[in-house]
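Engineer: Below you'll find structure20.txt; it's compact mmCIF, C-alpha atoms and all ligand atoms.
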# COMPACT_ATOMS: atom_id res chain seq x y z
CA MET A 1 70.38 200.64 63.24
CA ARG A 2 71.96 200.04 66.60
CA CYS A 3 75.06 201.53 68.17
CA ASP A 4 77.29 200.55 71.06
CA VAL A 5 77.27 203.90 72.81
CA LEU A 6 74.91 206.87 72.67
CA VAL A 7 76.24 210.02 74.37
CA ALA A 8 73.57 212.59 75.18
CA GLY A 9 75.23 215.99 75.24
CA GLY A 10 78.14 214.93 73.05
CA GLU A 11 79.30 218.51 72.45
CA GLY A 12 79.80 219.45 76.12
CA LEU A 13 83.03 219.26 78.11
CA ILE A 14 82.58 215.70 79.35
CA GLY A 15 80.43 214.52 76.43
CA ARG A 16 83.14 215.39 73.89
CA ALA A 17 85.73 213.50 75.90
CA LEU A 18 83.38 210.51 76.24
CA VAL A 19 82.81 210.39 72.48
CA ARG A 20 86.57 210.58 71.77
CA ARG A 21 87.43 207.86 74.29
CA ALA A 22 84.64 205.50 73.19
CA ARG A 23 85.62 205.91 69.52
CA ARG A 24 89.24 205.23 70.35
CA SER A 25 88.18 201.93 71.93
CA GLY A 26 86.57 200.94 68.62
CA ALA A 27 82.93 201.35 69.72
CA ARG A 28 80.21 202.52 67.31
CA VAL A 29 79.32 205.87 68.86
CA VAL A 30 76.43 208.24 68.20
CA TYR A 31 76.04 211.49 70.12
CA THR A 32 73.23 213.98 70.50
CA SER A 33 73.39 217.66 69.71
CA ARG A 34 70.94 220.52 70.09
CA ARG A 35 71.92 221.75 66.64
CA SER A 36 69.61 220.67 63.85
CA VAL A 37 71.63 217.88 62.40
CA ALA A 38 71.58 217.00 58.72
CA ASP A 39 70.50 213.45 57.91
CA ALA A 40 73.90 213.14 56.27
CA ALA A 41 75.55 212.91 59.68
CA PRO A 42 74.79 209.37 60.79
CA ASP A 43 76.79 209.63 64.00
CA VAL A 44 74.91 212.68 65.32
CA MET A 45 71.31 212.76 66.48
CA ALA A 46 69.38 215.97 67.12
CA LEU A 47 67.90 216.03 70.61
CA ASP A 48 66.56 218.85 72.74
CA LEU A 49 65.73 217.58 76.21
CA ALA A 50 63.61 220.68 76.80
CA ALA A 51 61.20 219.62 74.03
CA PRO A 52 58.37 217.20 74.84
CA PRO A 53 59.56 213.60 74.41
CA ALA A 54 56.67 212.97 72.01
CA THR A 55 58.40 215.30 69.52
CA TRP A 56 61.80 213.60 69.73
CA ARG A 57 63.00 211.65 66.73
CA SER A 58 62.88 207.97 67.58
CA LEU A 59 65.67 207.04 69.90
CA LEU A 60 68.46 204.97 68.51
CA ALA A 61 68.87 201.58 70.16
CA ALA A 62 72.16 201.52 72.05
CA ALA A 63 73.85 199.09 74.41
CA THR A 64 74.93 202.01 76.62
CA VAL A 65 73.46 205.47 76.98
CA MET A 66 75.55 208.07 78.80
CA ILE A 67 73.66 211.17 79.86
CA ALA A 68 76.08 214.10 79.86
CA ALA A 69 73.49 216.62 78.62
CA ALA A 70 72.36 219.13 81.20
CA VAL A 71 71.99 222.71 82.22
CA SER A 72 75.22 222.24 84.10
CA THR A 73 75.75 225.41 86.11
CA LEU A 74 74.47 226.47 89.52
CA ALA A 75 73.74 229.95 88.19
CA GLY A 76 71.92 228.66 85.09
CA CYS A 77 69.58 226.48 87.14
CA ALA A 78 68.95 229.21 89.73
CA ALA A 79 68.12 231.75 87.02
CA ALA A 80 65.60 229.46 85.27
CA PRO A 81 64.46 226.73 87.69
CA SER A 82 61.50 225.60 85.67
CA ALA A 83 63.21 225.60 82.24
CA SER A 84 66.32 223.89 83.63
CA GLY A 85 64.16 221.37 85.49
CA ARG A 86 62.52 220.42 82.19
CA VAL A 87 65.98 219.52 80.88
CA ASN A 88 67.72 218.17 83.99
CA VAL A 89 64.81 216.20 85.42
CA ASP A 90 61.88 215.68 83.02
CA GLY A 91 63.78 215.34 79.74
CA THR A 92 66.68 213.48 81.31
CA LEU A 93 64.48 210.90 83.00
CA ALA A 94 62.29 210.46 79.92
CA LEU A 95 65.45 209.70 77.96
CA ALA A 96 66.77 207.36 80.66
CA ARG A 97 63.50 205.40 80.83
CA MET A 98 63.16 205.18 77.04
CA ALA A 99 66.72 203.91 76.74
CA ALA A 100 66.24 201.37 79.52
CA GLU A 101 63.01 200.10 77.92
CA ARG A 102 65.07 199.42 74.81
CA GLY A 103 67.52 197.39 76.88
CA ALA A 104 70.27 199.97 77.39
CA TYR A 105 72.54 200.38 80.37
CA VAL A 106 72.12 204.02 81.44
CA LEU A 107 74.82 206.13 83.08
CA PHE A 108 73.78 209.48 84.53
CA LEU A 109 76.32 212.10 85.60
CA SER A 110 75.56 213.77 88.90
CA SER A 111 77.37 216.01 91.32
CA ASN A 112 78.56 216.52 94.89
CA GLN A 113 76.01 219.37 94.85
CA VAL A 114 73.37 216.86 95.98
CA PHE A 115 74.94 217.56 99.42
CA ASP A 116 75.11 220.79 101.41
CA GLY A 117 78.90 220.88 101.85
CA ARG A 118 78.74 220.90 105.66
CA LEU A 119 80.65 217.60 106.05
CA PRO A 120 83.72 216.17 104.32
CA ARG A 121 83.88 212.76 102.63
CA ARG A 122 80.15 212.27 102.23
CA CYS A 123 79.15 208.65 101.97
CA ARG A 124 77.22 207.58 98.86
CA TYR A 125 74.23 206.50 100.96
CA ASP A 126 73.98 209.71 103.03
CA ALA A 127 70.63 211.47 102.65
CA ARG A 128 70.75 214.07 99.89
CA CYS A 129 70.54 217.64 101.20
CA PRO A 130 71.12 220.09 98.32
CA ILE A 131 71.31 223.86 98.88
CA SER A 132 70.90 224.83 95.22
CA GLU A 133 68.35 224.35 92.45
CA TYR A 134 71.04 222.53 90.45
CA GLY A 135 71.62 220.14 93.36
CA ARG A 136 67.88 219.54 93.80
CA GLN A 137 67.52 218.70 90.11
CA LYS A 138 70.54 216.37 90.23
CA ALA A 139 69.04 214.63 93.29
CA LEU A 140 65.83 213.95 91.32
CA GLY A 141 67.84 212.75 88.33
CA GLU A 142 69.71 210.34 90.61
CA LYS A 143 66.53 208.91 92.11
CA GLY A 144 64.95 208.37 88.69
CA THR A 145 68.10 206.70 87.34
CA LEU A 146 68.48 204.42 90.36
CA ALA A 147 64.83 203.36 89.90
CA LEU A 148 65.98 201.66 86.67
CA GLY A 149 67.53 198.99 88.90
CA ALA A 150 70.30 196.91 87.32
CA GLN A 151 70.21 199.12 84.20
CA GLY A 152 70.85 202.41 86.02
CA CYS A 153 74.12 203.87 87.22
CA VAL A 154 74.80 207.28 88.78
CA LEU A 155 78.30 208.73 88.83
CA ARG A 156 78.76 211.75 91.09
CA LEU A 157 81.57 214.07 90.07
CA THR A 158 83.14 217.10 91.69
CA LYS A 159 84.82 219.89 89.71
CA VAL A 160 86.09 218.34 86.48
CA ILE A 161 89.16 220.05 85.05
CA ASP A 162 91.27 220.17 81.96
CA ARG A 163 93.12 223.03 80.22
CA ALA A 164 89.88 224.31 78.66
CA THR A 165 87.73 224.48 81.81
CA VAL A 166 86.85 227.32 84.13
CA PRO A 167 88.87 228.56 85.93
CA LEU A 168 92.06 226.96 84.53
CA GLN A 169 91.65 228.28 80.99
CA GLY A 170 91.20 231.88 82.14
CA TRP A 171 93.97 231.65 84.70
CA LEU A 172 96.45 230.13 82.24
CA GLY A 173 95.65 232.82 79.64
CA ASP A 174 96.01 235.68 82.15
CA LEU A 175 99.14 234.30 83.75
CA ALA A 176 100.81 233.71 80.39
CA ALA A 177 100.11 237.35 79.52
CA GLY A 178 101.52 238.52 82.88
CA ARG A 179 98.10 239.54 84.22
CA PRO A 180 97.24 238.81 87.88
CA VAL A 181 94.50 236.33 88.81
CA ALA A 182 92.37 236.36 91.95
CA PRO A 183 91.60 232.83 93.15
CA VAL A 184 89.03 232.54 95.93
CA ARG A 185 90.41 231.36 99.28
CA ASP A 186 87.15 230.36 101.00
CA LEU A 187 85.57 228.08 98.40
CA THR A 188 86.77 224.50 98.16
CA VAL A 189 86.96 222.07 95.27
CA ALA A 190 88.14 218.47 94.99
CA PRO A 191 89.27 218.76 91.38
CA VAL A 192 89.31 215.69 89.19
CA ALA A 193 90.89 215.41 85.75
CA VAL A 194 88.67 214.49 82.80
CA GLY A 195 91.00 211.58 82.04
CA PHE A 196 90.42 210.03 85.47
CA VAL A 197 86.64 210.43 85.10
CA LEU A 198 86.82 208.63 81.74
CA ASP A 199 88.80 205.76 83.29
CA VAL A 200 86.14 205.30 85.98
CA ILE A 201 83.30 205.48 83.44
CA GLU A 202 85.01 202.92 81.22
CA ARG A 203 85.20 200.50 84.12
CA LEU A 204 81.59 201.09 85.19
CA ILE A 205 80.40 200.35 81.66
CA ALA A 206 82.63 197.32 81.23
CA THR A 207 81.20 195.78 84.40
CA ARG A 208 77.68 197.20 83.93
CA ALA A 209 77.89 198.41 87.51
CA SER A 210 74.57 199.69 88.81
CA GLY A 211 73.94 202.01 91.75
CA LEU A 212 75.85 205.02 93.02
CA TYR A 213 79.52 205.80 92.42
CA HIS A 214 81.89 208.69 93.05
CA ALA A 215 84.85 210.03 91.05
CA LEU A 216 86.85 212.93 92.42
CA GLY A 217 90.26 214.11 93.53
CA ALA A 218 91.60 213.14 96.95
CA GLU A 219 92.06 216.66 98.20
CA GLY A 220 89.41 219.23 98.99
CA VAL A 221 91.36 222.43 98.46
CA SER A 222 90.60 226.12 98.09
CA TYR A 223 90.83 227.77 94.68
CA GLU A 224 93.83 229.62 96.15
CA THR A 225 95.58 226.28 96.81
CA LEU A 226 94.68 225.12 93.30
CA ALA A 227 96.31 228.24 91.85
CA LEU A 228 99.38 227.77 94.05
CA ALA A 229 99.66 224.17 92.82
CA LEU A 230 99.59 225.56 89.29
CA ALA A 231 102.52 227.81 90.24
CA ASP A 232 104.39 224.89 91.82
CA ALA A 233 103.93 222.95 88.58
CA GLY A 234 105.60 225.80 86.70
CA HIS A 235 102.48 227.31 85.09
CA ALA A 236 102.21 230.49 87.13
CA ARG A 237 104.28 233.12 88.86
CA ARG A 238 103.33 233.22 92.53
CA ASP A 239 103.51 237.03 92.58
CA LEU A 240 100.64 237.18 90.06
CA LEU A 241 98.28 235.32 92.43
CA CYS A 242 96.13 237.75 94.41
CA PRO A 243 93.76 235.61 96.52
CA ARG A 244 90.43 237.11 97.49
CA THR A 245 87.66 236.31 99.97
CA LEU A 246 84.05 235.87 98.91
CA THR A 247 81.60 238.45 100.22
CA ALA A 248 78.55 236.27 99.42
CA PRO A 249 77.87 232.71 98.26
CA PRO A 250 78.39 232.17 94.51
CA ALA A 251 75.27 232.62 92.36
CA GLY A 252 72.90 229.71 92.80
CA LEU A 253 74.15 228.56 96.21
CA ALA A 254 72.32 229.34 99.46
CA ALA A 255 75.54 229.25 101.50
CA ILE A 256 79.29 228.89 100.99
CA PRO A 257 79.89 225.12 101.28
CA ARG A 258 82.83 224.23 103.52
CA TYR A 259 83.58 220.84 101.94
CA THR A 260 83.23 219.17 98.54
CA SER A 261 84.73 215.76 99.16
CA LEU A 262 82.99 212.40 98.84
CA GLU A 263 84.26 208.98 99.87
CA MET A 264 85.58 206.67 97.16
CA ASP A 265 85.89 203.50 99.27
CA GLU A 266 83.94 201.19 96.98
CA GLU A 267 85.68 202.46 93.84
CA SER A 268 89.05 201.81 95.51
CA ARG A 269 88.07 198.37 96.85
CA CYS A 270 86.18 197.01 93.82
CA PHE A 271 87.95 198.73 90.92
CA GLY A 272 91.32 199.87 92.32
CA PHE A 273 90.51 203.56 91.77
CA ALA A 274 92.02 205.55 94.63
CA PRO A 275 91.20 209.26 94.37
CA PRO A 276 94.28 210.99 92.92
CA THR A 277 96.04 213.77 94.82
CA LEU A 278 96.26 217.33 93.53
CA ALA A 279 99.65 217.31 91.76
CA PRO A 280 98.94 214.28 89.50
CA THR A 281 95.42 215.57 88.90
CA LEU A 282 96.79 218.87 87.62
CA GLU A 283 99.42 217.12 85.54
CA LEU A 284 96.80 214.87 83.90
CA ALA A 285 94.44 217.83 83.36
CA LEU A 286 97.10 219.98 81.75
CA THR A 287 98.48 217.31 79.45
CA ALA A 288 95.07 216.18 78.16
N1 LIG B 1 82.04 219.72 84.54
C1 LIG B 1 81.97 219.51 85.85
O1 LIG B 1 82.80 219.99 86.64
C2 LIG B 1 80.85 218.66 86.41
C3 LIG B 1 80.86 218.36 87.78
C4 LIG B 1 79.84 217.57 88.29
C5 LIG B 1 78.84 217.09 87.47
N2 LIG B 1 78.85 217.41 86.15
C6 LIG B 1 77.75 216.92 85.32
O2 LIG B 1 78.29 216.23 84.20
C7 LIG B 1 77.45 216.43 83.06
C8 LIG B 1 78.26 217.01 81.91
O3 LIG B 1 78.84 218.22 82.35
P1 LIG B 1 79.68 219.16 81.39
O4 LIG B 1 80.61 219.93 82.25
O5 LIG B 1 80.19 218.38 80.24
O6 LIG B 1 78.55 220.14 80.89
P2 LIG B 1 78.56 221.13 79.64
O7 LIG B 1 79.94 221.33 79.13
O8 LIG B 1 77.77 222.32 80.06
O9 LIG B 1 77.75 220.33 78.53
C9 LIG B 1 76.39 220.09 78.66
C10 LIG B 1 75.86 219.49 77.39
O10 LIG B 1 74.44 219.40 77.56
C11 LIG B 1 73.84 219.90 76.37
N3 LIG B 1 72.51 220.44 76.67
C12 LIG B 1 72.18 221.52 77.40
N4 LIG B 1 70.85 221.72 77.36
C13 LIG B 1 70.35 220.72 76.58
C14 LIG B 1 69.06 220.41 76.12
N5 LIG B 1 67.99 221.18 76.42
N6 LIG B 1 68.88 219.32 75.33
C15 LIG B 1 69.95 218.56 74.97
N7 LIG B 1 71.21 218.83 75.34
C16 LIG B 1 71.40 219.90 76.14
C17 LIG B 1 74.76 221.01 75.91
O11 LIG B 1 74.48 221.28 74.57
P3 LIG B 1 75.09 222.57 73.84
O12 LIG B 1 76.49 222.13 73.45
O13 LIG B 1 74.19 222.76 72.68
O14 LIG B 1 75.05 223.68 74.83
C18 LIG B 1 76.12 220.35 76.15
O15 LIG B 1 76.44 219.49 75.06
C19 LIG B 1 76.32 217.34 83.53
O16 LIG B 1 75.23 216.57 83.94
C20 LIG B 1 76.92 218.04 84.74
O17 LIG B 1 75.92 218.46 85.63
C21 LIG B 1 79.83 218.18 85.60
So, in terms of structure tokens, how does the structure I just supplied come out?
Structural biologist:
Amino acid sequence: MRCDVLVAGGEGLIGRALVRRARRSGARVVYTSRRSVADAAPDVMALDLAAPPATWRSLLAAATVMIAAAVSTLAGCAAAPSASGRVNVDGTLALARMAAERGAYVLFLSSNQVFDGRLPRRCRYDARCPISEYGRQKALGEKGTLALGAQGCVLRLTKVIDRATVPLQGWLGDLAAGRPVAPVRDLTVAPVAVGFVLDVIERLIATRASGLYHALGAEGVSYETLALALADAGHARRDLLCPRTLTAPPAGLAAIPRYTSLEMDEESRCFGFAPPTLAPTLELALTA
């Protein structure tokens, strides 16, 4: 059996959205899950990237393999560097190489955390300089994927948002109940809506683009500004926003990064994807 698209990590935030979008386009989609999956579910494949590749069930041949499976938090990687490295580097690259050997185009999701956050609008070819275990693992994942040549594509994302993501979900719940929220004023994000990420991925796959790409929002803003934008869009009362200042870097980061932005020049020039500003990003995220 062969499928059009295999999504590794098909039950995560981005993986779920990838599966939905690919199915809607009419593709034959199979996704992986860490749950033990009954043979009766032909569109789900059990896969634990922490297990030795020799124990994996044989990999389904697919035209495209999207790797959205990961230990995806800074804190999770910092708390268990070796266990998370087995997933984010060893398992991920074993999967990428296996898929490529079977002829697949491989898309690996990475992060702005491969940089240290000291400069805005990082260029895709700047030297990687992570200040977290998560960022170091992502940097290794990128290198291994790019070594696949024309079959490998890396898409770096910043904070991906929709209604069900941190911190929007918690904020929306608290604000609706009249409880105050405390957005951080000295940590920046360049939020990007899931829908925009899917549009970029669709185009990368359609053109089998290889190399390094970025998808993010145009504005690097503080969490305080993000919460204020939520108020301006009618989802929050301003008097319930009680901004706070961090007393230490968030768990997993060696310092508080000043910037999160990356350039999107090539995506704009080649594909017409200009990074969206904050208001349309929020609108897209909240209507998804
Ligand atoms: N979301 C963002 O803001 C963001 C930003 C930049 C980059 N990224 C990257 O984008 C990718 C997807 O992120 P996400 O937000 O969708 O992450 P997520 O919601 O945490 O989902 C991660 C997925 O990976 C699976 N997974 C974890 N450990 C695994 C293992 N040992 N073997 C197989 N699967 C495993 C999880 O399975 P379970 O469902 O069983 O836990 C889940 O389906 C990640 O590489 C992440 O680093 C995300």
Engineer: As a ChimeraX atom specification, please: the residues near A:Leu168 (cut-off 10 Å, all atoms listed in the file, same-chain neighbours under 4 positions excluded).
Structural biologist: /A:161-164,172-174,226-227,230,282,285-286
Engineer: Residues at most 8 Å from stretch 102-115 of chain A, counting all atoms listed in the file, excluding those fewer than 6 positions away in the same chain, as a PyMOL selection string?
Structural biologist: chain A and resi 61-68+96+122+128-132+134-136+138-139+141-142+145+151-158+205+208+260-262
Engineer: Could you list the protein, DNA and RNA residues that have any atom within 6 Å of ligand LIG 1 (chain B), counting only C-alpha atoms and all ligand atoms, and write them as a count of residues only?
Structural biologist: 26
Engineer: Work out how far atom CA of A:Leu187 is from atom CA of A:Ile256, in Å to one decimal.
Structural biologist: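 Result for atom CA of A:Ile256 versus atom CA of A:Leu187: 6.8 Å, one decimal.
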Engineer: Can you pull out every residue within 9 Å of A:Ala233, counting only C-alpha atoms, but drop anything in the same chain fewer than 4 positions away, and send it as a list in words?
Structural biologist: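 What passes the distance filter is Leu228, Ala229, Ala279, Leu282 and Glu283 of chain A.
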Engineer: Could you check which of A:Leu74, A:Thr188, A:Ala150, A:Met45 is closest to A:Pro250, using only C-alpha atoms?
Structural biologist: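 Under the stated criterion, the closest residue is A:Leu74.
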Engineer: One number please: atom CA of A:Tyr31 to atom CA of A:Val44, in Å, one decimal.
Structural biologist: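 Those two atoms sit 5.1 Å apart.
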Engineer: How many Å separate atom CA of A:Pro52 from atom CA of A:Gly91?
Structural biologist: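 Going from atom CA of A:Pro52 over to atom CA of A:Gly91, I get 7.5 Å.
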Engineer: Using all atoms listed in the file, which residue out of A:Ser210, A:Ser82, A:Thr225, A:Ser58 lies closest to A:Val184?
Structural biologist: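 Under the stated criterion, the closest residue is A:Thr225.
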Engineer: Got a sec: who's within 12 Å of A:Arg121, counting all atoms listed in the file, leaving out chain neighbours fewer than 4 positions off, as a ChimeraX atom specification?
Structural biologist: /A:112,115-117,125-126,158,190,214-220,258-265,275
Engineer: Once you have the residues from the selection above, write them out as a PDB file, in the coordinates of the input, restricted to C-alpha atoms.
Structural biologist:
ATOM      1  CA  ASN A 112      78.560 216.520  94.890  1.00  0.00           C
ATOM      2  CA  PHE A 115      74.940 217.560  99.420  1.00  0.00           C
ATOM      3  CA  ASP A 116      75.110 220.790 101.410  1.00  0.00           C
ATOM      4  CA  GLY A 117      78.900 220.880 101.850  1.00  0.00           C
ATOM      5  CA  TYR A 125      74.230 206.500 100.960  1.00  0.00           C
ATOM      6  CA  ASP A 126      73.980 209.710 103.030  1.00  0.00           C
ATOM      7  CA  THR A 158      83.140 217.100  91.690  1.00  0.00           C
ATOM      8  CA  ALA A 190      88.140 218.470  94.990  1.00  0.00           C
ATOM      9  CA  HIS A 214      81.890 208.690  93.050  1.00  0.00           C
ATOM     10  CA  ALA A 215      84.850 210.030  91.050  1.00  0.00           C
ATOM     11  CA  LEU A 216      86.850 212.930  92.420  1.00  0.00           C
ATOM     12  CA  GLY A 217      90.260 214.110  93.530  1.00  0.00           C
ATOM     13  CA  ALA A 218      91.600 213.140  96.950  1.00  0.00           C
ATOM     14  CA  GLU A 219      92.060 216.660  98.200  1.00  0.00           C
ATOM     15  CA  GLY A 220      89.410 219.230  98.990  1.00  0.00           C
ATOM     16  CA  ARG A 258      82.830 224.230 103.520  1.00  0.00           C
ATOM     17  CA  TYR A 259      83.580 220.840 101.940  1.00  0.00           C
ATOM     18  CA  THR A 260      83.230 219.170  98.540  1.00  0.00           C
ATOM     19  CA  SER A 261      84.730 215.760  99.160  1.00  0.00           C
ATOM     20  CA  LEU A 262      82.990 212.400  98.840  1.00  0.00           C
ATOM     21  CA  GLU A 263      84.260 208.980  99.870  1.00  0.00           C
ATOM     22  CA  MET A 264      85.580 206.670  97.160  1.00  0.00           C
ATOM     23  CA  ASP A 265      85.890 203.500  99.270  1.00  0.00           C
ATOM     24  CA  PRO A 275      91.200 209.260  94.370  1.00  0.00           C
TER      25      PRO A 275
END
Engineer: Point out the residue among A:Cys123, A:Ser25, A:Asp4, A:Glu133 with the least atom-to-atom distance to A:Pro81, counting all atoms listed in the file.
Structural biologist: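 That would be A:Glu133, the residue with the smallest distance to A:Pro81.
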Engineer: Considering only C-alpha atoms, state which residue in the set A:Asn88, A:Tyr223, A:Leu240, A:Ala100 is at the smallest distance from A:Leu278.
Structural biologist: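 Checking each candidate against A:Leu278, we get A:Tyr223 as the closest.
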Engineer: Residues at most 7 Å from A:Thr281, counting all atoms listed in the file, excluding those fewer than 4 positions away in the same chain, as a PyMOL selection string?
Structural biologist: chain A and resi 192-193+276-277+285
Engineer: From the set A:Leu241, A:Ala75, A:Gly195, A:Pro167, which residue has the shortest atom-to-atom contact distance to A:Arg179, counting all atoms listed in the file?
Structural biologist: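 Selected residue with least distance to A:Arg179: A:Leu241.
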Engineer: With only C-alpha atoms as the basis for distance, which of A:Thr73, A:Trp171, A:Leu148, A:Arg28 is at the shortest distance from A:Ala94?
Structural biologist: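 Once distances to A:Ala94 are computed over only C-alpha atoms, the minimum belongs to A:Leu148.
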Engineer: Would you mind writing stretch 183-197 of chain A with N, CA, C and O atoms, as a CSV table (one decimal), keeping the file's coordinate frame?
Structural biologist:
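As a result, selection-v8.csv now contains:
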chain,number,residue,atom,x,y,z
A,183,PRO,N,92.3,234.0,92.7
A,183,PRO,CA,91.6,232.8,93.2
A,183,PRO,C,90.9,233.0,94.5
A,183,PRO,O,91.5,233.7,95.4
A,184,VAL,N,89.8,232.4,94.7
A,184,VAL,CA,89.0,232.5,95.9
A,184,VAL,C,89.6,231.6,97.0
A,184,VAL,O,90.0,230.5,96.7
A,185,ARG,N,89.8,232.2,98.2
A,185,ARG,CA,90.4,231.4,99.3
A,185,ARG,C,89.4,230.6,100.2
A,185,ARG,O,89.8,229.7,100.9
A,186,ASP,N,88.1,231.0,100.1
A,186,ASP,CA,87.2,230.4,101.0
A,186,ASP,C,86.1,229.5,100.3
A,186,ASP,O,85.0,229.3,100.8
A,187,LEU,N,86.5,229.0,99.1
A,187,LEU,CA,85.6,228.1,98.4
A,187,LEU,C,86.4,226.9,98.0
A,187,LEU,O,87.5,227.0,97.5
A,188,THR,N,85.9,225.7,98.4
A,188,THR,CA,86.8,224.5,98.2
A,188,THR,C,86.3,223.7,97.0
A,188,THR,O,85.1,223.7,96.6
A,189,VAL,N,87.3,223.0,96.4
A,189,VAL,CA,87.0,222.1,95.3
A,189,VAL,C,87.8,220.8,95.5
A,189,VAL,O,88.8,220.8,96.2
A,190,ALA,N,87.3,219.7,95.0
A,190,ALA,CA,88.1,218.5,95.0
A,190,ALA,C,88.3,218.1,93.5
A,190,ALA,O,87.7,217.2,93.0
A,191,PRO,N,89.2,218.9,92.8
A,191,PRO,CA,89.3,218.8,91.4
A,191,PRO,C,89.6,217.4,90.9
A,191,PRO,O,90.4,216.7,91.6
A,192,VAL,N,89.0,217.0,89.8
A,192,VAL,CA,89.3,215.7,89.2
A,192,VAL,C,89.5,215.9,87.7
A,192,VAL,O,88.8,216.7,87.1
A,193,ALA,N,90.6,215.2,87.2
A,193,ALA,CA,90.9,215.4,85.8
A,193,ALA,C,89.9,214.6,84.9
A,193,ALA,O,89.5,213.5,85.3
A,194,VAL,N,89.6,215.2,83.7
A,194,VAL,CA,88.7,214.5,82.8
A,194,VAL,C,89.1,213.1,82.5
A,194,VAL,O,88.4,212.1,82.5
A,195,GLY,N,90.5,212.9,82.4
A,195,GLY,CA,91.0,211.6,82.0
A,195,GLY,C,90.7,210.5,83.1
A,195,GLY,O,90.4,209.4,82.8
A,196,PHE,N,90.7,211.0,84.4
A,196,PHE,CA,90.4,210.0,85.5
A,196,PHE,C,88.9,209.7,85.4
A,196,PHE,O,88.5,208.5,85.6
A,197,VAL,N,88.1,210.7,85.2
A,197,VAL,CA,86.6,210.4,85.1
A,197,VAL,C,86.4,209.4,84.0
A,197,VAL,O,85.6,208.5,84.2
